[in-house]
$ cat coords-v1.cif   # mmCIF, C-alpha atoms
data_start
loop_
_atom_site.label_atom_id
_atom_site.label_comp_id
_atom_site.auth_asym_id
_atom_site.auth_seq_id
_atom_site.Cartn_x
_atom_site.Cartn_y
_atom_site.Cartn_z
CA MET A 19 0.00 0.00 0.00
CA ARG A 20 1.25 3.45 -0.93
CA VAL A 21 0.11 6.44 1.09
CA ILE A 22 0.88 9.79 -0.52
CA ALA A 23 0.31 12.99 1.44
CA VAL A 24 -0.09 16.02 -0.82
CA ALA A 25 1.03 18.96 1.29
CA ASN A 26 1.82 22.64 1.13
CA GLN A 27 0.86 25.05 3.89
CA LYS A 28 0.34 27.80 1.31
CA GLY A 29 -3.17 27.83 -0.12
CA GLY A 30 -4.04 28.31 -3.77
CA VAL A 31 -1.22 26.19 -5.20
CA GLY A 32 -3.39 23.56 -6.90
CA LYS A 33 -3.12 21.02 -4.11
CA THR A 34 -6.70 19.75 -4.20
CA ALA A 35 -6.80 19.72 -8.01
CA THR A 36 -3.62 17.65 -7.92
CA VAL A 37 -5.08 15.14 -5.47
CA LEU A 38 -8.23 14.64 -7.54
CA ASN A 39 -6.66 14.56 -10.97
CA LEU A 40 -3.66 12.46 -9.98
CA GLY A 41 -6.04 10.03 -8.31
CA ALA A 42 -8.38 9.96 -11.31
CA ALA A 43 -5.47 9.44 -13.72
CA LEU A 44 -4.10 6.56 -11.63
CA ALA A 45 -7.56 4.97 -11.43
CA GLU A 46 -7.85 5.34 -15.20
CA MET A 47 -4.65 3.29 -15.43
CA GLY A 48 -6.20 0.49 -13.40
CA GLU A 49 -5.01 1.40 -9.90
CA ARG A 50 -7.25 1.18 -6.83
CA VAL A 51 -7.24 4.70 -5.40
CA VAL A 52 -8.56 6.04 -2.09
CA LEU A 53 -8.74 9.83 -1.71
CA ILE A 54 -8.87 11.19 1.84
CA ASP A 55 -10.05 14.76 2.43
CA LEU A 56 -8.37 16.22 5.54
CA ASP A 57 -9.15 19.85 4.67
CA ALA A 58 -12.11 21.46 6.46
CA GLN A 59 -12.86 23.45 3.31
CA ALA A 60 -13.97 20.07 1.86
CA ASN A 61 -13.18 21.19 -1.68
CA LEU A 62 -11.92 17.74 -2.65
CA SER A 63 -15.18 16.19 -1.50
CA ALA A 64 -17.22 18.70 -3.49
CA ILE A 65 -15.33 18.36 -6.77
CA ALA A 66 -15.30 14.56 -6.42
CA GLY A 67 -19.09 14.71 -6.55
CA VAL A 68 -19.91 14.02 -2.89
CA GLU A 69 -23.41 15.36 -2.20
CA GLU A 70 -24.30 14.03 1.23
CA VAL A 71 -21.98 13.11 4.10
CA GLU A 72 -23.13 10.76 6.83
CA LEU A 73 -19.69 10.08 8.29
CA SER A 74 -16.66 12.26 7.60
CA THR A 75 -12.93 12.25 8.18
CA GLN A 76 -13.57 14.06 11.45
CA ASP A 77 -15.49 10.99 12.65
CA LEU A 78 -12.69 8.79 11.32
CA LEU A 79 -10.03 10.60 13.34
CA LEU A 80 -11.96 11.11 16.56
CA SER A 81 -13.98 7.91 16.98
CA ALA A 82 -12.31 4.60 17.72
CA GLU A 83 -15.40 2.71 16.50
CA ILE A 84 -15.48 4.21 12.99
CA SER A 85 -13.35 2.65 10.27
CA LEU A 86 -12.25 3.97 6.91
CA ARG A 87 -14.65 1.50 5.30
CA ASP A 88 -17.51 3.25 7.13
CA VAL A 89 -16.52 6.66 5.78
CA VAL A 90 -15.51 6.15 2.14
CA GLN A 91 -17.96 6.83 -0.66
CA SER A 92 -17.81 5.57 -4.22
CA THR A 93 -17.51 8.01 -7.12
CA ARG A 94 -18.71 7.90 -10.71
CA TRP A 95 -15.29 6.65 -11.79
CA ASP A 96 -14.16 3.05 -11.48
CA GLY A 97 -11.35 2.44 -9.02
CA LEU A 98 -11.75 5.80 -7.25
CA VAL A 99 -13.33 6.27 -3.80
CA VAL A 100 -13.22 9.23 -1.43
CA ALA A 101 -13.36 9.72 2.34
CA PRO A 102 -15.14 13.09 2.55
CA ALA A 103 -14.69 16.02 4.89
CA GLU A 104 -17.06 18.61 6.31
CA SER A 105 -16.44 22.09 7.67
CA SER A 106 -16.68 20.72 11.22
CA LEU A 107 -13.30 19.08 10.62
CA ALA A 108 -11.74 22.41 11.61
CA GLY A 109 -12.62 21.60 15.22
CA ALA A 110 -10.58 18.41 15.07
CA GLU A 111 -7.37 20.43 15.37
CA VAL A 112 -8.39 21.48 18.88
CA GLN A 113 -9.77 18.07 19.82
CA LEU A 114 -6.63 16.27 18.68
CA ALA A 115 -4.38 18.53 20.73
CA ASP A 116 -5.10 16.56 23.93
CA ALA A 117 -5.94 13.19 22.36
CA ASP A 118 -4.00 9.97 22.81
CA ARG A 119 -1.88 9.02 19.79
CA ARG A 120 -2.94 12.30 18.25
CA GLN A 121 -0.46 12.12 15.35
CA TYR A 122 -1.18 8.44 14.62
CA ARG A 123 -4.96 8.60 14.26
CA LEU A 124 -5.03 8.37 10.46
CA ARG A 125 -2.25 5.77 10.29
CA ASP A 126 -4.18 3.53 12.69
CA LYS A 127 -7.26 3.68 10.45
CA LEU A 128 -5.39 2.64 7.29
CA THR A 129 -4.54 -0.83 8.55
CA GLY A 130 -6.43 -3.49 6.63
CA LEU A 131 -6.49 -1.72 3.29
CA ALA A 132 -5.60 -3.79 0.24
CA GLU A 133 -1.87 -4.06 -0.35
CA ASP A 134 -2.23 -2.71 -3.89
CA ALA A 135 -4.23 0.37 -2.87
CA ILE A 136 -2.90 3.87 -3.43
CA VAL A 137 -4.07 6.35 -0.79
CA ILE A 138 -3.77 10.06 -1.57
CA VAL A 139 -4.40 12.51 1.27
CA ASP A 140 -5.43 16.12 0.71
CA THR A 141 -4.14 18.25 3.58
CA PRO A 142 -5.20 21.70 4.82
CA PRO A 143 -3.12 24.81 4.05
CA SER A 144 -1.46 24.68 7.47
CA LEU A 145 1.03 22.59 9.44
CA GLY A 146 -1.31 21.63 12.28
CA PHE A 147 -2.36 18.23 13.63
CA LEU A 148 -4.33 17.28 10.52
CA THR A 149 -1.29 17.71 8.29
CA ILE A 150 0.90 15.97 10.88
CA ASN A 151 -1.55 13.04 10.82
CA ALA A 152 -1.27 12.83 7.05
CA LEU A 153 2.54 12.95 7.11
CA THR A 154 2.72 10.36 9.88
CA ALA A 155 0.46 8.00 7.94
CA ALA A 156 2.21 8.55 4.61
CA SER A 157 4.99 6.65 2.95
CA GLU A 158 5.65 9.61 0.66
CA VAL A 159 4.89 13.31 0.41
CA LEU A 160 4.19 15.18 -2.82
CA ILE A 161 4.55 18.96 -2.79
CA PRO A 162 2.67 21.06 -5.36
CA VAL A 163 4.30 24.45 -5.91
CA GLN A 164 2.70 27.27 -7.86
CA CYS A 165 4.99 28.81 -10.48
CA ALA A 166 5.43 32.02 -8.51
CA TYR A 167 8.39 33.20 -6.47
CA LEU A 168 6.38 33.86 -3.30
CA ALA A 169 4.95 30.35 -3.46
CA MET A 170 8.46 29.01 -2.92
CA GLN A 171 9.01 30.90 0.31
CA GLY A 172 7.08 28.54 2.58
CA LEU A 173 8.88 25.43 1.37
CA ARG A 174 11.62 25.72 3.97
CA GLN A 175 9.11 25.51 6.81
CA LEU A 176 7.34 22.56 5.20
CA LEU A 177 10.63 20.71 4.76
CA ARG A 178 11.44 21.32 8.44
CA THR A 179 8.06 19.85 9.36
CA ILE A 180 8.70 16.79 7.19
CA GLU A 181 12.07 16.29 8.86
CA SER A 182 10.47 16.67 12.29
CA VAL A 183 7.88 14.01 11.42
CA ARG A 184 10.69 11.69 10.29
CA GLU A 185 12.45 12.14 13.63
CA ARG A 186 9.39 11.80 15.86
CA SER A 187 6.78 9.56 14.30
CA ASN A 188 7.53 8.34 10.77
CA PRO A 189 11.18 7.62 9.95
CA ASP A 190 10.19 6.01 6.63
CA LEU A 191 8.59 9.16 5.17
CA SER A 192 10.22 10.11 1.88
CA LEU A 193 9.86 12.99 -0.56
CA LEU A 194 8.07 11.66 -3.61
CA GLY A 195 8.68 14.89 -5.46
CA VAL A 196 7.77 18.47 -6.24
CA VAL A 197 5.27 19.23 -8.99
CA LEU A 198 4.96 22.67 -10.55
CA THR A 199 1.41 23.94 -10.98
CA MET A 200 -0.20 26.94 -12.70
CA TYR A 201 2.67 27.13 -15.17
CA ASP A 202 2.37 29.95 -17.68
CA ALA A 203 4.61 29.34 -20.68
CA ARG A 204 4.24 32.97 -21.75
CA THR A 205 6.22 34.27 -18.79
CA ARG A 206 9.91 34.11 -18.02
CA HIS A 207 9.00 34.08 -14.34
CA SER A 208 7.52 30.56 -14.51
CA ASP A 209 10.74 29.25 -16.05
CA GLN A 210 12.82 31.00 -13.39
CA VAL A 211 10.80 29.36 -10.61
CA ARG A 212 11.21 25.96 -12.28
CA GLU A 213 14.99 26.42 -12.54
CA ARG A 214 15.27 27.51 -8.90
CA LEU A 215 13.38 24.43 -7.76
CA ARG A 216 15.52 22.15 -9.91
CA GLU A 217 18.66 23.70 -8.41
CA HIS A 218 17.39 22.82 -4.93
CA PHE A 219 15.55 19.51 -5.47
CA GLY A 220 17.24 18.12 -8.59
CA GLU A 221 15.56 14.97 -9.91
CA ARG A 222 12.87 15.22 -7.24
CA VAL A 223 11.18 17.86 -9.43
CA PHE A 224 8.72 16.04 -11.69
CA LYS A 225 9.15 16.49 -15.42
CA SER A 226 5.38 16.94 -15.62
CA VAL A 227 4.38 20.58 -15.30
CA ILE A 228 0.71 21.48 -14.80
CA PRO A 229 -0.29 24.47 -16.96
CA ARG A 230 -2.56 27.29 -15.86
CA THR A 231 -5.98 26.93 -17.48
CA VAL A 232 -9.54 28.15 -16.88
CA ALA A 233 -10.70 24.59 -17.63
CA PHE A 234 -10.06 23.75 -13.96
CA ASP A 235 -12.82 26.20 -13.00
CA TYR A 236 -15.28 24.65 -15.45
CA ALA A 237 -14.44 21.14 -14.23
CA THR A 238 -15.07 22.26 -10.63
CA VAL A 239 -18.53 23.57 -11.53
CA VAL A 240 -19.61 20.18 -12.90
CA ALA A 241 -17.75 18.27 -10.12
CA GLU A 242 -15.47 16.24 -12.37
CA PRO A 243 -11.74 15.64 -12.53
CA LEU A 244 -10.25 17.59 -15.40
CA VAL A 245 -8.79 14.37 -16.78
CA HIS A 246 -12.38 13.31 -17.55
CA PHE A 247 -13.99 16.71 -18.19
CA ARG A 248 -11.45 17.84 -20.78
CA ARG A 249 -9.69 14.61 -21.62
CA SER A 250 -7.52 15.98 -24.42
CA SER A 251 -6.55 19.25 -22.74
CA ALA A 252 -2.90 20.03 -22.01
CA ALA A 253 -3.57 20.00 -18.25
CA ALA A 254 -5.29 16.59 -18.40
CA GLU A 255 -2.36 15.16 -20.34
CA ALA A 256 0.04 16.71 -17.82
CA TYR A 257 -1.72 14.91 -14.96
CA ARG A 258 -1.60 11.62 -16.85
CA LYS A 259 2.12 12.14 -17.34
CA LEU A 260 2.46 12.93 -13.63
CA ALA A 261 0.58 9.71 -12.80
CA ARG A 262 3.01 7.72 -14.92
CA GLU A 263 5.95 9.34 -13.13
CA VAL A 264 4.39 8.61 -9.74
CA ARG A 265 4.00 4.94 -10.70
CA LYS A 266 7.64 4.75 -11.78
CA ARG A 267 8.76 6.24 -8.46
CA ALA A 268 6.93 3.62 -6.43
CA PRO A 269 9.17 2.38 -3.59
CA GLU A 270 10.34 -1.19 -3.85
CA SER A 271 8.36 -3.54 -1.66
#

$ encode --input "coords-v1.cif" --output "structure tokens"
Amino acid sequence: MRVIAVANQKGGVGKTATVLNLGAALAEMGERVVLIDLDAQANLSAIAGVEEVELSTQDLLLSAEISLRDVVQSTRWDGLVVAPAESSLAGAEVQLADADRRQYRLRDKLTGLAEDAIVIVDTPPSLGFLTINALTAASEVLIPVQCAYLAMQGLRQLLRTIESVRERSNPDLSLLGVVLTMYDARTRHSDQVRERLREHFGERVFKSVIPRTVAFDYATVVAEPLVHFRRSSAAAEAYRKLAREVRKRAPES
């Protein structure tokens, strides 16, 4: 089982779009994919087509009796299921602060999943207990970075958090890679950001680059992954390429 936490404490970098479209592209390739929404904004749940939530990821984290199987919902796409969130998840940060095994809650609930499953966790734009839970449960972390200089500034803090999680609760956590989002080929600035990231992360920067496109907005309105809504678009093809790279970077069992 692979567990990939998609994390960046800066909002608006294409994190949720990456979770949904990477997951949809992997499912399209025959993988069994579980998406977990740990963001109280619940945007992943909405654009995955979830309409009603009986049990959410807040229940999953805070109740010992509730399993992941109780929470997940099927989607319209074969091989893709989602554990939805609600706005009440924001209160879980406070409730987890004094809870036993507070950083291990998600990891404990992933036991029993099929060995060939790929779990992708959408994290909130913060480095609180929800993100720590995702990083502690994960085998790998994927960092989406918007092609803008200011978007790079918070990476240092995120990398410190990842290192802290390695030291305290998950020594096996590895950096899957950095993916550039909202790339605008018309600007020199996007290329400069890409070069700076490659200088720092080297081969950890994915070759796939996600272009900026208004098609993401249209796909959100109809609650579909872009890889299905605009199958032949440049962004959809970029996510399929990213999915292929993610498969190639799978850790050896």

$ resolve_selection --input "coords-v1.cif" --expression "the PyMOL selection byres ((chain A and resi 25) around 7)" --output "list in words"
Ala23, Val24, Asn26, Gln27, Thr141, Val159, Leu160 and Ile161 of chain A

$ closest_residue --input "coords-v1.cif" --among "A:Ala237, A:Val51, A:Leu80, A:Ala253" --to "Val37 in chain A" --atoms "only C-alpha atoms"
A:Val51

$ closest_residue --input "coords-v1.cif" --among "A:Ser192, A:Gln171, A:Thr36, A:Ser105" --to "Ala155 in chain A" --atoms "all atoms listed in the file"
A:Ser192

$ closest_residue --input "coords-v1.cif" --among "A:Ala66, A:Val196, A:Asp190, A:Ala132" --to "His218 in chain A" --atoms "all atoms listed in the file"
A:Val196

$ residues_around --input "coords-v1.cif" --residues "Thr205 in chain A" --least-positions-apart "6" --cutoff "12 Å" --atoms "only C-alpha atoms" --output "list in words"
Cys165, Ala166, Val211, Arg212, Pro229 and Arg230 of chain A

$ closest_residue --input "coords-v1.cif" --among "A:Val239, A:Leu98, A:Leu86, A:Leu145" --to "Asp126 in chain A" --atoms "all atoms listed in the file"
A:Leu86

$ closest_residue --input "coords-v1.cif" --among "A:Ile136, A:Val68, A:Ala35, A:Ile84" --to "Val52 in chain A" --atoms "all atoms listed in the file"
A:Ile136

$ resolve_selection --input "coords-v1.cif" --expression "the PyMOL selection byres ((chain A and resi 134) around 10)" --output "ChimeraX atom specification"
/A:19-20,49-51,131-133,135-137

$ write_last_selection --input "coords-v1.cif" --atoms "C-alpha atoms" --output "tab-separated table (two decimals), keeping the file's coordinate frame"
chain	number	residue	atom	x	y	z
A	19	MET	CA	0.00	0.00	0.00
A	20	ARG	CA	1.25	3.45	-0.93
A	49	GLU	CA	-5.01	1.40	-9.90
A	50	ARG	CA	-7.25	1.18	-6.83
A	51	VAL	CA	-7.24	4.70	-5.40
A	131	LEU	CA	-6.49	-1.72	3.29
A	132	ALA	CA	-5.60	-3.79	0.24
A	133	GLU	CA	-1.87	-4.06	-0.35
A	135	ALA	CA	-4.23	0.37	-2.87
A	136	ILE	CA	-2.90	3.87	-3.43
A	137	VAL	CA	-4.07	6.35	-0.79

$ atom_distance --input "coords-v1.cif" --atom1 "CA of Ala241 in chain A" --atom2 "CA of Arg258 in chain A"
18.7 Å

$ resolve_selection --input "coords-v1.cif" --expression "the PyMOL selection byres ((chain A and resi 38) around 9)" --output "PDB file with C-alpha atoms, in the frame of the given file"
ATOM      1  CA  LYS A  33      -3.120  21.020  -4.110  1.00  0.00           C
ATOM      2  CA  THR A  34      -6.700  19.750  -4.200  1.00  0.00           C
ATOM      3  CA  ALA A  35      -6.800  19.720  -8.010  1.00  0.00           C
ATOM      4  CA  THR A  36      -3.620  17.650  -7.920  1.00  0.00           C
ATOM      5  CA  VAL A  37      -5.080  15.140  -5.470  1.00  0.00           C
ATOM      6  CA  ASN A  39      -6.660  14.560 -10.970  1.00  0.00           C
ATOM      7  CA  LEU A  40      -3.660  12.460  -9.980  1.00  0.00           C
ATOM      8  CA  GLY A  41      -6.040  10.030  -8.310  1.00  0.00           C
ATOM      9  CA  ALA A  42      -8.380   9.960 -11.310  1.00  0.00           C
ATOM     10  CA  ALA A  43      -5.470   9.440 -13.720  1.00  0.00           C
ATOM     11  CA  LEU A  53      -8.740   9.830  -1.710  1.00  0.00           C
ATOM     12  CA  LEU A  62     -11.920  17.740  -2.650  1.00  0.00           C
ATOM     13  CA  ILE A  65     -15.330  18.360  -6.770  1.00  0.00           C
ATOM     14  CA  ALA A  66     -15.300  14.560  -6.420  1.00  0.00           C
ATOM     15  CA  ILE A 138      -3.770  10.060  -1.570  1.00  0.00           C
ATOM     16  CA  ASP A 140      -5.430  16.120   0.710  1.00  0.00           C
ATOM     17  CA  GLU A 242     -15.470  16.240 -12.370  1.00  0.00           C
ATOM     18  CA  PRO A 243     -11.740  15.640 -12.530  1.00  0.00           C
ATOM     19  CA  LEU A 244     -10.250  17.590 -15.400  1.00  0.00           C
TER      20      LEU A 244
END

$ atom_distance --input "coords-v1.cif" --atom1 "CA of Ser144 in chain A" --atom2 "CA of Lys28 in chain A"
7.1 Å

$ residues_around --input "coords-v1.cif" --residues "Asn188 in chain A" --least-positions-apart "4" --cutoff "10 Å" --atoms "all atoms listed in the file" --output "PyMOL selection string"
chain A and resi 121-122+153-157+180-184+192

$ closest_residue --input "coords-v1.cif" --among "A:Thr231, A:Asn151, A:Tyr236, A:Val245" --to "Lys259 in chain A" --atoms "all atoms listed in the file"
A:Val245

$ axis_aligned_box --input "coords-v1.cif" --around "range 44-53 of chain A" --padding-each-side "6 Å" --output "JSON"
{"center_x": -6.4, "center_y": 5.2, "center_z": -8.6, "size_x": 16.6, "size_y": 21.3, "size_z": 25.7}

$ atom_distance --input "coords-v1.cif" --atom1 "CA of Gln164 in chain A" --atom2 "CA of Asn61 in chain A"
18.1 Å

$ decode --input "coords-v1.cif" --residues "range 221-258 of chain A" --atoms "N, CA and C atoms" --output "short mmCIF file (atom, residue, chain, number, x, y, z; two decimals), in the first residue's frame"
data_model
loop_
_atom_site.label_atom_id
_atom_site.label_comp_id
_atom_site.auth_asym_id
_atom_site.auth_seq_id
_atom_site.Cartn_x
_atom_site.Cartn_y
_atom_site.Cartn_z
N GLU A 221 16.45 15.93 -9.25
CA GLU A 221 15.56 14.97 -9.91
C GLU A 221 14.25 14.77 -9.17
N ARG A 222 14.13 15.32 -7.98
CA ARG A 222 12.87 15.22 -7.24
C ARG A 222 11.79 16.11 -7.86
N VAL A 223 12.17 17.05 -8.72
CA VAL A 223 11.18 17.86 -9.43
C VAL A 223 10.63 17.04 -10.60
N PHE A 224 9.32 16.82 -10.62
CA PHE A 224 8.72 16.04 -11.69
C PHE A 224 8.91 16.75 -13.05
N LYS A 225 9.09 15.94 -14.07
CA LYS A 225 9.15 16.49 -15.42
C LYS A 225 7.80 17.06 -15.83
N SER A 226 6.73 16.45 -15.34
CA SER A 226 5.38 16.94 -15.62
C SER A 226 5.19 18.31 -14.99
N VAL A 227 4.68 19.22 -15.77
CA VAL A 227 4.38 20.58 -15.30
C VAL A 227 2.91 20.85 -15.62
N ILE A 228 2.15 21.28 -14.62
CA ILE A 228 0.71 21.48 -14.80
C ILE A 228 0.45 22.92 -15.25
N PRO A 229 -0.09 23.11 -16.44
CA PRO A 229 -0.29 24.47 -16.96
C PRO A 229 -1.48 25.17 -16.31
N ARG A 230 -1.42 26.48 -16.30
CA ARG A 230 -2.56 27.29 -15.86
C ARG A 230 -3.64 27.23 -16.93
N THR A 231 -4.88 26.98 -16.52
CA THR A 231 -5.98 26.93 -17.48
C THR A 231 -7.31 27.17 -16.78
N VAL A 232 -8.21 27.89 -17.43
CA VAL A 232 -9.54 28.15 -16.88
C VAL A 232 -10.38 26.88 -16.88
N ALA A 233 -9.95 25.85 -17.59
CA ALA A 233 -10.70 24.59 -17.63
C ALA A 233 -10.86 23.98 -16.24
N PHE A 234 -9.92 24.24 -15.33
CA PHE A 234 -10.06 23.75 -13.96
C PHE A 234 -11.34 24.31 -13.33
N ASP A 235 -11.63 25.58 -13.56
CA ASP A 235 -12.82 26.20 -13.00
C ASP A 235 -14.09 25.54 -13.55
N TYR A 236 -14.12 25.29 -14.85
CA TYR A 236 -15.28 24.65 -15.45
C TYR A 236 -15.46 23.22 -14.92
N ALA A 237 -14.36 22.51 -14.75
CA ALA A 237 -14.44 21.14 -14.23
C ALA A 237 -14.97 21.14 -12.80
N THR A 238 -14.59 22.15 -12.01
CA THR A 238 -15.07 22.26 -10.63
C THR A 238 -16.57 22.46 -10.60
N VAL A 239 -17.09 23.28 -11.50
CA VAL A 239 -18.53 23.57 -11.53
C VAL A 239 -19.35 22.29 -11.74
N VAL A 240 -18.87 21.42 -12.60
CA VAL A 240 -19.61 20.18 -12.90
C VAL A 240 -19.15 19.01 -12.02
N ALA A 241 -18.23 19.28 -11.07
CA ALA A 241 -17.75 18.27 -10.12
C ALA A 241 -17.18 17.05 -10.83
N GLU A 242 -16.17 17.31 -11.67
CA GLU A 242 -15.47 16.24 -12.37
C GLU A 242 -13.98 16.50 -12.35
N PRO A 243 -13.18 15.45 -12.31
CA PRO A 243 -11.74 15.64 -12.53
C PRO A 243 -11.51 16.18 -13.94
N LEU A 244 -10.55 17.04 -14.08
CA LEU A 244 -10.25 17.59 -15.40
C LEU A 244 -9.85 16.50 -16.38
N VAL A 245 -9.24 15.43 -15.89
CA VAL A 245 -8.79 14.37 -16.78
C VAL A 245 -9.97 13.66 -17.46
N HIS A 246 -11.18 13.84 -16.91
CA HIS A 246 -12.38 13.31 -17.55
C HIS A 246 -13.17 14.42 -18.25
N PHE A 247 -13.19 15.60 -17.65
CA PHE A 247 -13.99 16.71 -18.19
C PHE A 247 -13.43 17.23 -19.51
N ARG A 248 -12.12 17.40 -19.56
CA ARG A 248 -11.45 17.84 -20.78
C ARG A 248 -10.29 16.89 -21.05
N ARG A 249 -10.63 15.71 -21.52
CA ARG A 249 -9.69 14.61 -21.62
C ARG A 249 -8.45 14.94 -22.45
N SER A 250 -8.64 15.71 -23.51
CA SER A 250 -7.52 15.98 -24.42
C SER A 250 -6.82 17.30 -24.14
N SER A 251 -7.19 17.97 -23.06
CA SER A 251 -6.55 19.25 -22.74
C SER A 251 -5.11 19.04 -22.30
N ALA A 252 -4.31 20.10 -22.40
CA ALA A 252 -2.90 20.03 -22.01
C ALA A 252 -2.77 19.70 -20.52
N ALA A 253 -3.65 20.25 -19.69
CA ALA A 253 -3.57 20.00 -18.25
C ALA A 253 -3.91 18.55 -17.93
N ALA A 254 -4.93 17.99 -18.62
CA ALA A 254 -5.29 16.59 -18.40
C ALA A 254 -4.13 15.68 -18.79
N GLU A 255 -3.51 15.96 -19.91
CA GLU A 255 -2.36 15.16 -20.34
C GLU A 255 -1.20 15.31 -19.37
N ALA A 256 -1.04 16.50 -18.80
CA ALA A 256 0.04 16.71 -17.82
C ALA A 256 -0.19 15.86 -16.58
N TYR A 257 -1.44 15.74 -16.13
CA TYR A 257 -1.72 14.91 -14.96
C TYR A 257 -1.54 13.43 -15.27
N ARG A 258 -1.86 13.01 -16.49
CA ARG A 258 -1.60 11.62 -16.85
C ARG A 258 -0.09 11.34 -16.86
#
